[in-house]
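Have a look at run_5.txt; it's compact mmCIF, C-alpha atoms and all ligand atoms:
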# COMPACT_ATOMS: atom_id res chain seq x y z
CA MET A 1 4.95 -31.27 32.18
CA VAL A 2 4.01 -33.67 34.94
CA ASN A 3 0.27 -34.11 35.12
CA PHE A 4 -0.88 -34.60 38.72
CA SER A 5 -4.10 -36.30 37.81
CA VAL A 6 -6.23 -38.07 40.41
CA LYS A 7 -5.45 -41.45 38.88
CA TYR A 8 -1.67 -41.20 39.10
CA GLY A 9 -1.28 -38.54 41.81
CA ALA A 10 -0.40 -40.81 44.73
CA ARG A 11 2.17 -42.72 42.74
CA ILE A 12 3.87 -39.59 41.43
CA ARG A 13 3.89 -37.95 44.87
CA LYS A 14 5.45 -41.06 46.39
CA ARG A 15 8.16 -41.06 43.75
CA TYR A 16 8.70 -37.32 44.19
CA TYR A 17 9.26 -37.65 47.93
CA ALA A 18 11.60 -40.60 47.39
CA VAL A 19 13.69 -38.54 44.98
CA ARG A 20 13.71 -35.55 47.31
CA LYS A 21 14.91 -37.70 50.19
CA GLU A 22 17.69 -39.20 48.08
CA LYS A 23 18.86 -35.77 46.97
CA ARG A 24 19.20 -34.61 50.57
CA SER A 25 20.96 -37.66 51.94
CA VAL A 26 24.68 -38.01 52.53
CA TYR A 27 26.69 -41.00 51.37
CA ARG A 28 29.88 -42.68 52.53
CA CYS A 29 32.97 -41.71 50.61
CA PRO A 30 34.79 -44.78 49.20
CA SER A 31 38.05 -42.88 49.40
CA CYS A 32 38.22 -41.49 52.95
CA GLY A 33 35.36 -43.45 54.57
CA THR A 34 33.48 -40.46 56.01
CA ASP A 35 29.78 -39.80 55.42
CA SER A 36 30.48 -36.62 53.49
CA VAL A 37 29.46 -37.31 49.90
CA ARG A 38 26.72 -34.98 48.72
CA ARG A 39 24.97 -34.47 45.43
CA LYS A 40 26.56 -31.59 43.56
CA GLY A 41 24.68 -31.81 40.29
CA THR A 42 22.95 -34.38 38.13
CA GLY A 43 25.11 -37.48 38.45
CA ILE A 44 27.88 -35.55 40.18
CA TRP A 45 28.76 -36.31 43.81
CA GLN A 46 31.46 -34.68 45.86
CA CYS A 47 33.01 -35.58 49.19
CA ARG A 48 33.22 -32.56 51.44
CA HIS A 49 35.97 -34.21 53.44
CA CYS A 50 38.55 -35.08 50.77
CA ASN A 51 36.98 -33.19 47.80
CA ASN A 52 36.91 -36.29 45.62
CA VAL A 53 34.28 -36.06 42.89
CA TYR A 54 32.36 -39.15 41.78
CA ALA A 55 30.06 -39.89 38.88
CA GLY A 56 26.91 -41.51 40.20
CA GLY A 57 23.22 -41.73 39.53
CA ALA A 58 21.16 -38.60 39.02
CA TYR A 59 19.43 -38.93 42.41
CA GLN A 60 21.39 -41.66 44.17
CA PHE A 61 25.12 -41.99 44.77
CA SER A 62 25.24 -45.51 43.35
CA THR A 63 22.70 -47.03 40.99
CA PRO A 64 22.01 -50.70 40.21
CA ALA A 65 23.26 -50.01 36.66
CA GLY A 66 26.43 -48.43 38.02
CA GLU A 67 27.01 -51.38 40.37
CA SER A 68 26.82 -53.93 37.57
CA ALA A 69 29.09 -51.77 35.39
CA ARG A 70 31.61 -51.65 38.23
CA ARG A 71 31.48 -55.43 38.61
CA LEU A 72 32.06 -55.85 34.87
CA ILE A 73 35.09 -53.55 35.04
CA GLU A 74 36.49 -55.42 38.04
CA ASN A 75 36.00 -58.75 36.27
CA ALA A 76 37.76 -57.43 33.18
CA LYS A 77 40.67 -56.15 35.29
CA SER A 78 41.23 -59.46 37.10
CA LYS A 79 41.51 -61.43 33.86
ZN ZN B 101 36.19 -38.42 51.01
Do you think you could lay out the structure here as structure tokens?
Amino acid sequence: MVNFSVKYGARIRKRYYAVRKEKRSVYRCPSCGTDSVRRKGTGIWQCRHCNNVYAGGAYQFSTPAGESARRLIENAKSK
């Protein structure tokens, strides 16, 4: 359970609103280029335009960890 104590309340609320905003936002589809990618489930994102499904972060389409993983894969491919 999340404890909304006075000491940590503001910080948790700020984080909560940030997460809520991310969950509602729409992202650009790398495949068809339209802003139609929406969060479908935890880490699952789907483009409503071309129906492509992507694995992303739980609350954001791309995460810093995902970006570095992608770079590693691209580096490995080009060798
Ligand atoms: Zn698309």
Exercise: His49 (chain A) partners within 9 Å, only C-alpha atoms, chain neighbours under 6 positions left out, as a compact mmCIF listing (two decimals) with C-alpha atoms, in the frame of the given file:
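As written to disk, out.txt reads:
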# COMPACT_ATOMS: atom_id res chain seq x y z
CA CYS A 29 32.97 -41.71 50.61
CA CYS A 32 38.22 -41.49 52.95
CA THR A 34 33.48 -40.46 56.01
CA ASP A 35 29.78 -39.80 55.42
CA SER A 36 30.48 -36.62 53.49
CA VAL A 37 29.46 -37.31 49.90
Point (24.0, -34.8, 46.0) neighbourhood (9 Å, all atoms listed in the file) written as an MDAnalysis selection string: chainID A and resid 22:27 37:46 58:61
Point-to-point distance in Å for CA of Gly66 (chain A) and CA of Asn52 (chain A): 17.7 Å
Interatomic distance, CA of Gly57 (chain A) to CA of Tyr17 (chain A) (Å, one decimal):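 So the answer is 16.8 Å.
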Which of A:Lys14, A:Gly56, A:Arg28, A:Arg71 sits closest to ligand ZN 101 (chain B) [using all atoms listed in the file]: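 So, comparing all the options, the nearest one is A:Arg28.
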Between CA of Arg70 (chain A) and CA of Ala55 (chain A), distance in Å (one decimal): 11.9 Å
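The nearest approach to ligand ZN 101 (chain B) among the residues A:Arg48, A:Ala69, A:Ser78, A:Tyr54, with only C-alpha atoms and all ligand atoms taken into account, belongs to A:Arg48.
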Can you take the partial region 28-63 of chain A, add N, CA and C atoms, and return it as a short mmCIF file (atom, residue, chain, number, x, y, z; two decimals), in the frame of the given file?
data_model
loop_
_atom_site.label_atom_id
_atom_site.label_comp_id
_atom_site.auth_asym_id
_atom_site.auth_seq_id
_atom_site.Cartn_x
_atom_site.Cartn_y
_atom_site.Cartn_z
N ARG A 28 28.52 -42.41 52.06
CA ARG A 28 29.88 -42.68 52.53
C ARG A 28 30.86 -42.57 51.37
N CYS A 29 31.94 -41.89 51.61
CA CYS A 29 32.97 -41.71 50.61
C CYS A 29 33.84 -42.96 50.53
N PRO A 30 33.97 -43.56 49.34
CA PRO A 30 34.79 -44.78 49.20
C PRO A 30 36.27 -44.49 49.41
N SER A 31 36.64 -43.24 49.31
CA SER A 31 38.05 -42.88 49.40
C SER A 31 38.50 -42.65 50.84
N CYS A 32 37.77 -41.82 51.59
CA CYS A 32 38.22 -41.49 52.95
C CYS A 32 37.32 -42.11 54.02
N GLY A 33 36.19 -42.71 53.62
CA GLY A 33 35.36 -43.45 54.57
C GLY A 33 34.44 -42.60 55.44
N THR A 34 34.39 -41.30 55.22
CA THR A 34 33.48 -40.46 56.01
C THR A 34 32.15 -40.30 55.28
N ASP A 35 31.09 -40.01 56.03
CA ASP A 35 29.78 -39.80 55.42
C ASP A 35 29.68 -38.35 54.96
N SER A 36 30.40 -38.02 53.93
CA SER A 36 30.48 -36.62 53.49
C SER A 36 30.19 -36.42 52.02
N VAL A 37 29.71 -37.46 51.34
CA VAL A 37 29.46 -37.31 49.90
C VAL A 37 28.05 -36.75 49.69
N ARG A 38 27.99 -35.63 49.01
CA ARG A 38 26.72 -34.98 48.72
C ARG A 38 26.54 -34.79 47.23
N ARG A 39 25.28 -34.69 46.83
CA ARG A 39 24.97 -34.47 45.43
C ARG A 39 25.34 -33.04 45.05
N LYS A 40 26.12 -32.91 44.00
CA LYS A 40 26.56 -31.59 43.56
C LYS A 40 25.78 -31.14 42.34
N GLY A 41 25.46 -32.09 41.49
CA GLY A 41 24.68 -31.81 40.29
C GLY A 41 24.12 -33.13 39.80
N THR A 42 23.52 -33.14 38.65
CA THR A 42 22.95 -34.38 38.13
C THR A 42 24.07 -35.38 37.86
N GLY A 43 24.10 -36.45 38.65
CA GLY A 43 25.11 -37.48 38.45
C GLY A 43 26.48 -37.12 38.97
N ILE A 44 26.58 -35.98 39.66
CA ILE A 44 27.88 -35.55 40.18
C ILE A 44 27.81 -35.52 41.70
N TRP A 45 28.74 -36.21 42.35
CA TRP A 45 28.76 -36.31 43.81
C TRP A 45 30.14 -35.91 44.30
N GLN A 46 30.18 -35.13 45.35
CA GLN A 46 31.46 -34.68 45.86
C GLN A 46 31.56 -34.92 47.36
N CYS A 47 32.74 -35.39 47.77
CA CYS A 47 33.01 -35.58 49.19
C CYS A 47 33.50 -34.26 49.77
N ARG A 48 32.84 -33.83 50.84
CA ARG A 48 33.22 -32.56 51.44
C ARG A 48 34.45 -32.71 52.33
N HIS A 49 34.83 -33.96 52.56
CA HIS A 49 35.97 -34.21 53.44
C HIS A 49 37.28 -34.21 52.64
N CYS A 50 37.31 -34.99 51.54
CA CYS A 50 38.55 -35.08 50.77
C CYS A 50 38.41 -34.46 49.38
N ASN A 51 37.22 -33.90 49.07
CA ASN A 51 36.98 -33.19 47.80
C ASN A 51 37.02 -34.07 46.56
N ASN A 52 37.00 -35.40 46.77
CA ASN A 52 36.91 -36.29 45.62
C ASN A 52 35.55 -36.13 44.95
N VAL A 53 35.53 -36.18 43.64
CA VAL A 53 34.28 -36.06 42.89
C VAL A 53 33.99 -37.41 42.24
N TYR A 54 32.74 -37.86 42.35
CA TYR A 54 32.36 -39.15 41.78
C TYR A 54 31.22 -38.97 40.80
N ALA A 55 31.21 -39.83 39.80
CA ALA A 55 30.06 -39.89 38.88
C ALA A 55 29.12 -40.95 39.41
N GLY A 56 27.89 -40.57 39.66
CA GLY A 56 26.91 -41.51 40.20
C GLY A 56 25.60 -41.37 39.48
N GLY A 57 24.55 -41.87 40.11
CA GLY A 57 23.22 -41.73 39.53
C GLY A 57 22.74 -40.30 39.68
N ALA A 58 21.68 -39.96 38.98
CA ALA A 58 21.16 -38.60 39.02
C ALA A 58 20.65 -38.25 40.42
N TYR A 59 20.02 -39.22 41.10
CA TYR A 59 19.43 -38.93 42.41
C TYR A 59 19.96 -39.82 43.52
N GLN A 60 20.80 -40.80 43.16
CA GLN A 60 21.39 -41.66 44.17
C GLN A 60 22.88 -41.76 43.89
N PHE A 61 23.68 -41.94 44.94
CA PHE A 61 25.12 -41.99 44.77
C PHE A 61 25.50 -43.19 43.91
N SER A 62 24.97 -44.36 44.20
CA SER A 62 25.24 -45.51 43.35
C SER A 62 23.92 -46.08 42.84
N THR A 63 23.91 -46.49 41.61
CA THR A 63 22.70 -47.03 40.99
C THR A 63 22.91 -48.51 40.69
#
